[in-house]
Each structure stands twice: as structure tokens, then as C-alpha cells.
file run-v8.cif (mmCIF, C-alpha atoms)
data_target
#
loop_
_atom_site.label_atom_id
_atom_site.label_comp_id
_atom_site.auth_asym_id
_atom_site.auth_seq_id
_atom_site.Cartn_x
_atom_site.Cartn_y
_atom_site.Cartn_z
CA MET A 169 -0.69 98.77 -44.50
CA ASP A 170 -0.11 97.73 -40.87
CA LYS A 171 2.01 99.65 -38.37
CA ILE A 172 5.21 97.67 -38.88
CA GLU A 173 4.99 98.16 -42.64
CA LYS A 174 4.56 101.92 -42.16
CA ILE A 175 7.51 102.00 -39.78
CA LEU A 176 9.72 100.12 -42.19
CA LYS A 177 8.72 102.37 -45.11
CA LEU A 178 9.60 105.48 -43.10
CA LEU A 179 12.91 104.05 -41.91
CA ILE A 180 13.85 103.24 -45.50
CA SER A 181 12.97 106.80 -46.50
CA ALA A 182 15.26 108.14 -43.76
CA TYR A 183 18.24 105.82 -44.00
CA GLY A 184 17.91 103.98 -47.31
CA ASP A 185 17.07 100.35 -47.91
CA ARG A 186 19.28 97.56 -46.65
CA ALA A 187 20.01 94.39 -48.57
CA PRO A 188 21.86 91.42 -47.03
CA GLU A 189 25.63 91.75 -47.32
CA ARG A 190 28.02 89.02 -48.38
CA ARG A 191 27.58 86.14 -45.96
CA LEU A 192 30.24 84.45 -43.87
CA GLU A 193 30.23 80.71 -43.34
CA PRO A 194 28.05 79.95 -40.30
CA VAL A 195 30.92 78.88 -38.02
CA ASP A 196 32.83 82.03 -38.97
CA GLU A 197 29.71 84.09 -38.25
CA LEU A 198 29.28 82.38 -34.89
CA ILE A 199 32.86 83.06 -33.80
CA LEU A 200 32.64 86.67 -35.01
CA THR A 201 29.38 87.17 -33.12
CA ILE A 202 30.87 85.77 -29.91
CA LEU A 203 33.76 88.20 -30.34
CA SER A 204 31.28 91.05 -30.85
CA GLN A 205 29.68 90.58 -27.43
CA ASN A 206 30.14 93.71 -25.27
CA THR A 207 32.41 95.48 -27.74
CA SER A 208 32.28 97.50 -30.94
CA ASP A 209 32.02 96.09 -34.46
CA ILE A 210 35.46 97.49 -35.24
CA ASN A 211 37.11 95.75 -32.29
CA SER A 212 35.34 92.45 -32.88
CA ARG A 213 36.35 92.37 -36.55
CA ARG A 214 39.94 93.18 -35.63
CA ALA A 215 39.90 90.33 -33.11
CA PHE A 216 38.41 87.95 -35.68
CA SER A 217 41.05 88.87 -38.27
CA SER A 218 43.79 88.46 -35.68
CA LEU A 219 42.46 85.04 -34.68
CA THR A 220 42.17 83.67 -38.20
CA ALA A 221 45.57 85.07 -39.22
CA ALA A 222 47.31 83.62 -36.16
CA PHE A 223 45.89 80.09 -36.38
CA GLY A 224 44.81 79.59 -39.98
CA GLY A 225 42.03 77.11 -39.19
CA TRP A 226 39.40 76.28 -36.59
CA ASP A 227 40.99 72.91 -35.83
CA ARG A 228 44.08 74.70 -34.58
CA VAL A 229 42.03 77.13 -32.51
CA ALA A 230 40.09 74.26 -30.95
CA HIS A 231 43.24 72.66 -29.53
CA ALA A 232 45.49 75.66 -28.93
CA PRO A 233 46.44 76.85 -25.43
CA ALA A 234 43.60 79.04 -24.21
CA ALA A 235 46.05 81.73 -23.08
CA ARG A 236 47.38 82.06 -26.64
CA ILE A 237 43.87 82.56 -28.00
CA ALA A 238 43.15 85.17 -25.34
CA VAL A 239 46.28 87.15 -26.26
CA THR A 240 45.33 86.97 -29.94
CA ILE A 241 41.82 88.38 -29.41
CA LYS A 242 42.56 90.81 -26.58
CA MET A 243 41.55 93.86 -28.65
CA GLY A 244 37.98 92.52 -28.60
CA GLY A 245 37.69 92.67 -24.80
CA LEU A 246 36.81 89.93 -22.30
CA ALA A 247 39.46 87.82 -24.01
CA GLU A 248 39.70 85.07 -21.39
CA VAL A 249 35.94 84.54 -21.33
CA LYS A 250 35.55 84.64 -25.10
CA SER A 251 38.49 82.31 -25.71
CA GLY A 252 36.78 79.76 -23.46
CA TYR A 253 33.50 80.13 -25.34
CA ILE A 254 35.20 79.80 -28.72
CA GLN A 255 37.11 76.68 -27.79
CA GLY A 256 34.01 75.22 -26.17
CA VAL A 257 31.98 75.80 -29.32
CA LEU A 258 34.60 74.34 -31.63
CA GLN A 259 35.19 71.28 -29.45
CA ARG A 260 31.44 70.66 -29.23
CA LEU A 261 31.16 70.87 -33.01
CA GLU A 262 34.08 68.51 -33.38
CA LYS A 263 32.40 66.03 -31.07
CA GLU A 264 28.77 66.28 -32.21
CA ALA A 265 29.02 67.26 -35.88
CA ALA A 266 32.44 65.74 -36.63
CA ARG A 267 33.44 68.91 -38.46
CA TYR A 268 33.46 72.68 -38.08
CA ASP A 269 30.31 73.26 -40.09
CA LEU A 270 26.84 74.49 -39.19
CA SER A 271 25.26 74.43 -42.64
CA PHE A 272 23.01 71.54 -41.54
CA LEU A 273 20.99 74.08 -39.50
CA LYS A 274 19.55 75.41 -42.75
CA ASP A 275 17.51 72.22 -43.07
CA MET A 276 15.95 72.61 -39.62
CA GLU A 277 12.95 74.63 -38.52
CA LEU A 278 13.90 78.03 -37.11
CA GLY A 279 13.05 77.18 -33.51
CA ALA A 280 14.94 73.90 -33.61
CA ALA A 281 17.99 75.50 -35.22
CA ARG A 282 18.09 78.22 -32.61
CA ALA A 283 17.64 75.71 -29.81
CA TRP A 284 20.58 73.70 -31.17
CA LEU A 285 22.80 76.77 -31.21
CA THR A 286 21.85 78.00 -27.75
CA ARG A 287 23.13 74.74 -26.28
CA LEU A 288 26.64 75.86 -27.20
CA PRO A 289 28.87 77.72 -24.71
CA GLY A 290 28.37 81.49 -24.76
CA VAL A 291 25.54 81.36 -27.29
CA GLY A 292 22.30 83.06 -26.31
CA MET A 293 19.25 84.06 -28.31
CA LYS A 294 20.87 87.10 -29.92
CA THR A 295 24.06 85.30 -30.97
CA ALA A 296 22.11 82.35 -32.36
CA SER A 297 19.73 84.64 -34.23
CA CYS A 298 22.62 86.56 -35.78
CA VAL A 299 24.11 83.35 -37.16
CA LEU A 300 20.77 82.16 -38.53
CA LEU A 301 19.91 85.50 -40.15
CA PHE A 302 23.25 86.79 -41.38
CA SER A 303 24.88 83.55 -42.46
CA LEU A 304 22.03 81.17 -43.28
CA GLY A 305 19.38 83.67 -44.39
CA MET A 306 16.77 82.27 -42.01
CA PRO A 307 14.02 84.60 -40.66
CA ALA A 308 15.49 85.04 -37.18
CA PHE A 309 15.24 88.55 -35.70
CA PRO A 310 18.23 89.42 -33.47
CA VAL A 311 17.27 91.85 -30.72
CA ASP A 312 19.95 94.06 -29.18
CA THR A 313 19.52 97.02 -26.84
CA HIS A 314 18.77 99.40 -29.74
CA VAL A 315 16.09 97.19 -31.27
CA LEU A 316 14.47 96.54 -27.91
CA ARG A 317 14.44 100.23 -26.98
CA VAL A 318 12.99 101.35 -30.32
CA ALA A 319 10.38 98.56 -30.37
CA VAL A 320 9.17 99.36 -26.84
CA ARG A 321 9.01 103.11 -27.47
CA LEU A 322 7.02 102.51 -30.65
CA GLY A 323 4.56 100.35 -28.75
CA LEU A 324 5.45 97.23 -30.73
CA LEU A 325 6.43 95.44 -27.51
CA PRO A 326 5.21 95.83 -23.91
CA LEU A 327 7.44 97.85 -21.60
CA LYS A 328 8.82 94.92 -19.60
CA THR A 329 9.44 92.58 -22.53
CA THR A 330 12.67 90.65 -22.06
CA ALA A 331 15.22 90.51 -24.86
CA ASP A 332 14.69 86.76 -25.30
CA ALA A 333 10.92 87.15 -25.60
CA ALA A 334 11.38 90.08 -27.97
CA HIS A 335 13.11 87.86 -30.53
CA ILE A 336 10.05 85.67 -30.90
CA GLU A 337 7.60 88.57 -30.87
CA MET A 338 9.48 90.56 -33.52
CA GLU A 339 9.54 87.47 -35.74
CA ARG A 340 5.76 87.30 -35.35
CA LEU A 341 5.30 90.99 -36.21
CA VAL A 342 7.67 91.33 -39.17
CA HIS A 343 7.24 89.56 -42.49
CA PRO A 344 10.10 87.06 -42.98
CA ALA A 345 11.27 88.81 -46.15
CA ASP A 346 11.63 92.09 -44.22
CA ILE A 347 13.39 90.84 -41.11
CA TYR A 348 16.94 91.64 -42.24
CA ARG A 349 16.21 95.22 -43.32
CA CYS A 350 13.98 95.87 -40.31
CA HIS A 351 16.65 94.63 -37.89
CA VAL A 352 19.41 96.71 -39.46
CA LEU A 353 17.29 99.86 -39.80
CA MET A 354 16.00 99.70 -36.23
CA ILE A 355 19.58 99.50 -34.99
CA GLU A 356 20.55 102.50 -37.12
CA HIS A 357 17.53 104.45 -35.91
CA GLY A 358 18.37 103.60 -32.30
CA ARG A 359 21.94 104.80 -32.72
CA ARG A 360 21.25 107.97 -34.67
CA THR A 361 17.84 109.20 -33.53
CA CYS A 362 16.01 107.13 -30.89
CA ARG A 363 18.94 107.24 -28.50
CA ALA A 364 18.81 105.94 -24.96
CA GLN A 365 19.49 109.39 -23.53
CA ARG A 366 17.93 112.51 -25.10
CA PRO A 367 16.30 110.94 -28.17
CA LEU A 368 16.03 113.33 -31.13
CA CYS A 369 12.25 113.21 -31.34
CA SER A 370 11.99 116.48 -33.32
CA ASN A 371 13.99 114.86 -36.14
CA CYS A 372 12.25 111.47 -36.00
CA VAL A 373 10.44 110.23 -39.10
CA LEU A 374 8.38 107.95 -36.88
CA SER A 375 7.04 110.68 -34.57
CA ARG A 376 3.45 110.43 -35.83
CA LEU A 377 3.42 106.69 -35.20
CA CYS A 378 5.22 106.79 -31.86
CA PRO A 379 3.20 106.72 -28.62
CA SER A 380 6.31 107.89 -26.73
CA TYR A 381 6.73 111.09 -28.74
CA ASN A 382 4.70 113.37 -26.45
CA LYS A 383 6.36 111.97 -23.33
CA PHE A 384 9.86 112.78 -24.56
CA LYS A 385 8.84 116.14 -26.03
CA ALA A 386 7.37 117.11 -22.68
#
call {"tool": "encode", "arguments": {"input": "run-v8.cif", "output": "C-alpha cells"}}
result
Amino acid sequence: MDKIEKILKLLISAYGDRAPERRLEPVDELILTILSQNTSDINSRRAFSSLTAAFGGWDRVAHAPAARIAVTIKMGGLAEVKSGYIQGVLQRLEKEAARYDLSFLKDMELGAARAWLTRLPGVGMKTASCVLLFSLGMPAFPVDTHVLRVAVRLGLLPLKTTADAAHIEMERLVHPADIYRCHVLMIEHGRRTCRAQRPLCSNCVLSRLCPSYNKFKA
């Protein structure tokens, strides 16, 4: 059993296993993920519900006054910026795909699908990877601040690894069938135990595998 398999087994023992939840359509997932940038899951879901209730369809959002969209999603934060990204994405899809649908990405190789998405306004590696993993079930590993922190402390990634590079490296380290559960469990571990400030190393199930344990204990 390699290190990543041991880590995953211990995380499951601590927090329980994680199976993929019900999937949104990929365009819905993309808009929700844009709304989630720099805010909480609760606020982003409220903003998404407000947006879909107010407009009733992505075609209406694509051609609505930007100010109206911003007011509708204001509870998600950065409303003016995000409204621009959302309209830019939808208008690009309308122009290049002739419909508000991203299901064609499923037929592409992972790297090509992610490259296609990151050409869209406001879509970086993390946002693209979320869409590919959560909606299309592709083996993309989204890396947020929790995942990056935990992976570096565990010695899975070098100290100065960038978030973009970490996506590719984590996909190399983790078996495709385990990427979803590993992503979700590393986030939970980062929030509950391996916190940015004052990590709870004494309560950590990974302490024997963690090269950072002695440093934080000291």
C-alpha cells in the first residue's frame, strides 16, 4: 500500500467514506462554481438559487442587464465581477457551442477538456476541475487552499508548489477512482484538523505519516 492509499484509508476511518453526490448539469455546475469563488458554500448556493429563480433560464441570463444579475447574486459577494464572468461564459457557449451545454466535454481527454474550459471568462484550473469532476465524473482533482496545505504538510507536494501545478500532480498521485473521495476528505481534514493556524496535530489520524508533525508539535 503506497502513502496516498494509507492516507485515504485513515481519512475514511476518521470522517467516513464519501461517494459522489447527485450531479448538476455541467453548465449549472460551472455557474455555481463561479459563484462559489471567494465565498462560502451557503452563500454561493443562495446566489445560484436566486439567479435561477429570477431568470428561469440561461438564455435570459445571457442577455439580461448586467446590473440586474449583480443585484440578484449579491449575497454571493463580488457580484459585479461574477455577473460579468457568468454572462461572458454563457455568451461564449452560445457563440461556440450554439447551446448552453457542456456535455460534449465528456468525450474529450481530461487535459483537452480542462483547456477548453479555462478559455472561458473567470474559469481557472480549480473551477474547470470542479466542473469536470463533480458534473461529468472525470478524474480531475480540484485543489483549493485546504487541499494544497494538507498535501504540502504531508509531503505529497513540494513546499512551493503552485495551485495550478498541484492539480496535475495530485491527479498523478491519486488513482482515478479515488479522486472524488480524496478531494472531499482532504478538504474536510483541512477544515477540521489540519488548519492553517494551530493545526490539531495531537488529534490527527495522519500524524505517523506526516513529516510536519514534529515541527508543529514543537
call {"tool": "atom_distance", "arguments": {"input": "run-v8.cif", "atom1": "CA of Val239 (chain A)", "atom2": "CA of Asp312 (chain A)"}}
result
27.4 Å
call {"tool": "closest_atom_pairs", "arguments": {"input": "run-v8.cif", "of": "region 238-309 of chain A", "to": "region 169-192 of chain A", "cutoff": "9 Å", "atoms": "all atoms listed in the file", "output": "CSV"}}
result
residue,atom,partner,partner_atom,distance
A:Phe302,CA,A:Arg191,CA,6.3
A:Ser303,CA,A:Arg191,CA,5.1
A:Leu304,CA,A:Arg191,CA,7.9
A:Gly305,CA,A:Pro188,CA,8.6
call {"tool": "residues_around", "arguments": {"input": "run-v8.cif", "residues": "region 254-263 of chain A", "least_positions_apart": "2", "cutoff": "10 Å", "atoms": "all atoms listed in the file", "output": "PyMOL selection string"}}
result
chain A and resi 195+198-200+202-203+226-234+237+249-252+265-270+285+287-291
call {"tool": "residues_around", "arguments": {"input": "run-v8.cif", "residues": "Ala215 (chain A)", "least_positions_apart": "2", "cutoff": "12 Å", "atoms": "all atoms listed in the file", "output": "number ranges by chain"}}
result
A: 199-205, 207-213, 217-222, 237-247, 250-251
call {"tool": "write_last_selection", "arguments": {"input": "run-v8.cif", "atoms": "C-alpha atoms", "output": "PDB file, keeping the file's coordinate frame"}}
result
ATOM      1  CA  ILE A 199      32.860  83.060 -33.800  1.00  0.00           C
ATOM      2  CA  LEU A 200      32.640  86.670 -35.010  1.00  0.00           C
ATOM      3  CA  THR A 201      29.380  87.170 -33.120  1.00  0.00           C
ATOM      4  CA  ILE A 202      30.870  85.770 -29.910  1.00  0.00           C
ATOM      5  CA  LEU A 203      33.760  88.200 -30.340  1.00  0.00           C
ATOM      6  CA  SER A 204      31.280  91.050 -30.850  1.00  0.00           C
ATOM      7  CA  GLN A 205      29.680  90.580 -27.430  1.00  0.00           C
ATOM      8  CA  THR A 207      32.410  95.480 -27.740  1.00  0.00           C
ATOM      9  CA  SER A 208      32.280  97.500 -30.940  1.00  0.00           C
ATOM     10  CA  ASP A 209      32.020  96.090 -34.460  1.00  0.00           C
ATOM     11  CA  ILE A 210      35.460  97.490 -35.240  1.00  0.00           C
ATOM     12  CA  ASN A 211      37.110  95.750 -32.290  1.00  0.00           C
ATOM     13  CA  SER A 212      35.340  92.450 -32.880  1.00  0.00           C
ATOM     14  CA  ARG A 213      36.350  92.370 -36.550  1.00  0.00           C
ATOM     15  CA  SER A 217      41.050  88.870 -38.270  1.00  0.00           C
ATOM     16  CA  SER A 218      43.790  88.460 -35.680  1.00  0.00           C
ATOM     17  CA  LEU A 219      42.460  85.040 -34.680  1.00  0.00           C
ATOM     18  CA  THR A 220      42.170  83.670 -38.200  1.00  0.00           C
ATOM     19  CA  ALA A 221      45.570  85.070 -39.220  1.00  0.00           C
ATOM     20  CA  ALA A 222      47.310  83.620 -36.160  1.00  0.00           C
ATOM     21  CA  ILE A 237      43.870  82.560 -28.000  1.00  0.00           C
ATOM     22  CA  ALA A 238      43.150  85.170 -25.340  1.00  0.00           C
ATOM     23  CA  VAL A 239      46.280  87.150 -26.260  1.00  0.00           C
ATOM     24  CA  THR A 240      45.330  86.970 -29.940  1.00  0.00           C
ATOM     25  CA  ILE A 241      41.820  88.380 -29.410  1.00  0.00           C
ATOM     26  CA  LYS A 242      42.560  90.810 -26.580  1.00  0.00           C
ATOM     27  CA  MET A 243      41.550  93.860 -28.650  1.00  0.00           C
ATOM     28  CA  GLY A 244      37.980  92.520 -28.600  1.00  0.00           C
ATOM     29  CA  GLY A 245      37.690  92.670 -24.800  1.00  0.00           C
ATOM     30  CA  LEU A 246      36.810  89.930 -22.300  1.00  0.00           C
ATOM     31  CA  ALA A 247      39.460  87.820 -24.010  1.00  0.00           C
ATOM     32  CA  LYS A 250      35.550  84.640 -25.100  1.00  0.00           C
ATOM     33  CA  SER A 251      38.490  82.310 -25.710  1.00  0.00           C
TER      34      SER A 251
END
call {"tool": "residues_around", "arguments": {"input": "run-v8.cif", "residues": "Trp284 (chain A)", "least_positions_apart": "5", "cutoff": "10 Å", "atoms": "all atoms listed in the file", "output": "list in words"}}
result
Leu273, Met276, Leu278, Gly279, Val291 and Ala296 of chain A
call {"tool": "closest_residue", "arguments": {"input": "run-v8.cif", "among": "A:Val318, A:Met338, A:Leu368, A:Leu324", "to": "Met354 (chain A)", "atoms": "all atoms listed in the file"}}
result
A:Val318
call {"tool": "decode", "arguments": {"input": "run-v8.cif", "residues": "region 199-345 of chain A", "atoms": "C-alpha atoms", "output": "short mmCIF file (atom, residue, chain, number, x, y, z; two decimals), in the first residue's frame"}}
result
data_model
loop_
_atom_site.label_atom_id
_atom_site.label_comp_id
_atom_site.auth_asym_id
_atom_site.auth_seq_id
_atom_site.Cartn_x
_atom_site.Cartn_y
_atom_site.Cartn_z
CA ILE A 199 -22.15 28.83 -12.88
CA LEU A 200 -22.41 27.55 -9.29
CA THR A 201 -18.63 27.19 -9.09
CA ILE A 202 -18.07 30.71 -10.38
CA LEU A 203 -20.49 31.94 -7.71
CA SER A 204 -18.56 29.97 -5.08
CA GLN A 205 -15.31 31.84 -5.71
CA ASN A 206 -14.20 33.73 -2.57
CA THR A 207 -17.34 32.96 -0.59
CA SER A 208 -18.94 30.19 1.44
CA ASP A 209 -20.88 27.24 0.04
CA ILE A 210 -24.03 28.54 1.74
CA ASN A 211 -23.78 31.97 0.12
CA SER A 212 -22.93 30.60 -3.32
CA ARG A 213 -25.88 28.21 -3.29
CA ARG A 214 -28.20 31.00 -2.18
CA ALA A 215 -26.92 33.15 -5.04
CA PHE A 216 -27.38 30.30 -7.51
CA SER A 217 -30.96 29.68 -6.35
CA SER A 218 -31.70 33.40 -6.55
CA LEU A 219 -30.29 33.58 -10.08
CA THR A 220 -32.20 30.61 -11.44
CA ALA A 221 -35.45 31.69 -9.75
CA ALA A 222 -35.19 35.25 -11.07
CA PHE A 223 -34.42 34.40 -14.70
CA GLY A 224 -35.68 30.87 -15.27
CA GLY A 225 -33.15 30.01 -17.98
CA TRP A 226 -29.57 30.63 -19.05
CA ASP A 227 -30.67 32.32 -22.28
CA ARG A 228 -32.32 35.05 -20.24
CA VAL A 229 -29.27 35.44 -18.02
CA ALA A 230 -27.00 35.71 -21.06
CA HIS A 231 -28.85 38.76 -22.39
CA ALA A 232 -30.10 40.43 -19.21
CA PRO A 233 -28.75 43.77 -17.98
CA ALA A 234 -25.58 43.03 -16.04
CA ALA A 235 -26.71 45.25 -13.17
CA ARG A 236 -29.83 43.11 -12.69
CA ILE A 237 -27.74 39.95 -12.49
CA ALA A 238 -25.42 41.59 -9.96
CA VAL A 239 -28.34 42.56 -7.72
CA THR A 240 -29.73 39.02 -7.95
CA ILE A 241 -26.46 37.36 -6.85
CA LYS A 242 -25.24 39.99 -4.39
CA MET A 243 -25.40 37.59 -1.42
CA GLY A 244 -22.57 35.62 -3.06
CA GLY A 245 -20.12 38.54 -2.96
CA LEU A 246 -18.16 40.18 -5.80
CA ALA A 247 -21.45 40.41 -7.65
CA GLU A 248 -20.34 42.80 -10.39
CA VAL A 249 -17.29 40.70 -11.24
CA LYS A 250 -19.15 37.40 -11.15
CA SER A 251 -22.07 38.70 -13.21
CA GLY A 252 -19.57 39.65 -15.91
CA TYR A 253 -17.97 36.21 -15.81
CA ILE A 254 -21.33 34.45 -15.97
CA GLN A 255 -22.57 36.45 -18.93
CA GLY A 256 -19.23 36.04 -20.66
CA VAL A 257 -19.37 32.27 -20.23
CA LEU A 258 -22.95 31.98 -21.44
CA GLN A 259 -22.38 34.22 -24.45
CA ARG A 260 -19.26 32.26 -25.39
CA LEU A 261 -21.21 29.00 -25.18
CA GLU A 262 -23.97 30.49 -27.28
CA LYS A 263 -21.45 31.51 -29.91
CA GLU A 264 -19.15 28.47 -29.96
CA ALA A 265 -21.42 25.59 -28.93
CA ALA A 266 -24.73 27.02 -30.15
CA ARG A 267 -26.38 25.98 -26.89
CA TYR A 268 -25.89 26.13 -23.13
CA ASP A 269 -24.47 22.65 -22.81
CA LEU A 270 -21.04 21.32 -21.89
CA SER A 271 -21.76 17.60 -22.05
CA PHE A 272 -19.51 17.31 -25.13
CA LEU A 273 -16.51 17.69 -22.80
CA LYS A 274 -17.13 14.15 -21.56
CA ASP A 275 -15.90 12.85 -24.92
CA MET A 276 -12.60 14.74 -24.68
CA GLU A 277 -9.38 13.81 -22.93
CA LEU A 278 -9.07 15.36 -19.48
CA GLY A 279 -6.36 17.84 -20.43
CA ALA A 280 -8.19 18.98 -23.54
CA ALA A 281 -11.48 19.37 -21.67
CA ARG A 282 -9.84 21.45 -18.97
CA ALA A 283 -8.03 23.57 -21.54
CA TRP A 284 -11.36 24.25 -23.27
CA LEU A 285 -12.96 25.38 -20.03
CA THR A 286 -10.08 27.59 -18.91
CA ARG A 287 -10.51 29.66 -22.06
CA LEU A 288 -13.81 30.90 -20.63
CA PRO A 289 -14.03 34.14 -18.61
CA GLY A 290 -13.37 33.65 -14.90
CA VAL A 291 -12.56 29.95 -15.26
CA GLY A 292 -9.24 28.80 -13.84
CA MET A 293 -7.85 25.36 -13.09
CA LYS A 294 -9.87 24.86 -9.91
CA THR A 295 -13.20 25.93 -11.42
CA ALA A 296 -12.65 23.80 -14.52
CA SER A 297 -11.64 20.80 -12.43
CA CYS A 298 -14.74 21.13 -10.25
CA VAL A 299 -16.99 21.01 -13.31
CA LEU A 300 -15.16 18.01 -14.77
CA LEU A 301 -15.16 16.05 -11.50
CA PHE A 302 -18.49 16.92 -9.92
CA SER A 303 -20.68 17.13 -13.01
CA LEU A 304 -19.02 14.92 -15.60
CA GLY A 305 -17.33 12.37 -13.34
CA MET A 306 -13.93 12.86 -14.97
CA PRO A 307 -10.75 12.26 -12.90
CA ALA A 308 -9.88 15.93 -12.36
CA PHE A 309 -8.57 16.83 -8.90
CA PRO A 310 -9.63 20.34 -7.79
CA VAL A 311 -7.07 21.92 -5.47
CA ASP A 312 -8.19 24.63 -3.06
CA THR A 313 -6.26 26.16 -0.16
CA HIS A 314 -7.16 23.26 2.17
CA VAL A 315 -6.04 20.56 -0.25
CA LEU A 316 -2.82 22.38 -1.06
CA ARG A 317 -1.98 22.97 2.60
CA VAL A 318 -2.66 19.36 3.62
CA ALA A 319 -0.79 17.92 0.62
CA VAL A 320 2.30 20.06 1.29
CA ARG A 321 2.35 19.29 5.02
CA LEU A 322 2.07 15.58 4.27
CA GLY A 323 5.00 15.79 1.89
CA LEU A 324 2.91 14.83 -1.12
CA LEU A 325 3.85 18.09 -2.85
CA PRO A 326 6.96 20.30 -2.60
CA LEU A 327 6.65 23.39 -0.41
CA LYS A 328 6.47 25.94 -3.23
CA THR A 329 4.09 24.02 -5.48
CA THR A 330 1.60 26.35 -7.14
CA ALA A 331 -2.10 25.55 -7.03
CA ASP A 332 -2.21 25.05 -10.81
CA ALA A 333 0.71 22.61 -10.75
CA ALA A 334 -0.83 20.83 -7.77
CA HIS A 335 -3.89 19.83 -9.81
CA ILE A 336 -1.78 17.85 -12.25
CA GLU A 337 0.44 16.34 -9.57
CA MET A 338 -2.48 15.18 -7.41
CA GLU A 339 -4.04 13.54 -10.46
CA ARG A 340 -0.77 11.68 -10.95
CA LEU A 341 -0.63 10.55 -7.31
CA VAL A 342 -4.24 9.50 -6.75
CA HIS A 343 -5.96 6.63 -8.52
CA PRO A 344 -8.74 7.99 -10.76
CA ALA A 345 -11.40 6.01 -8.89
#
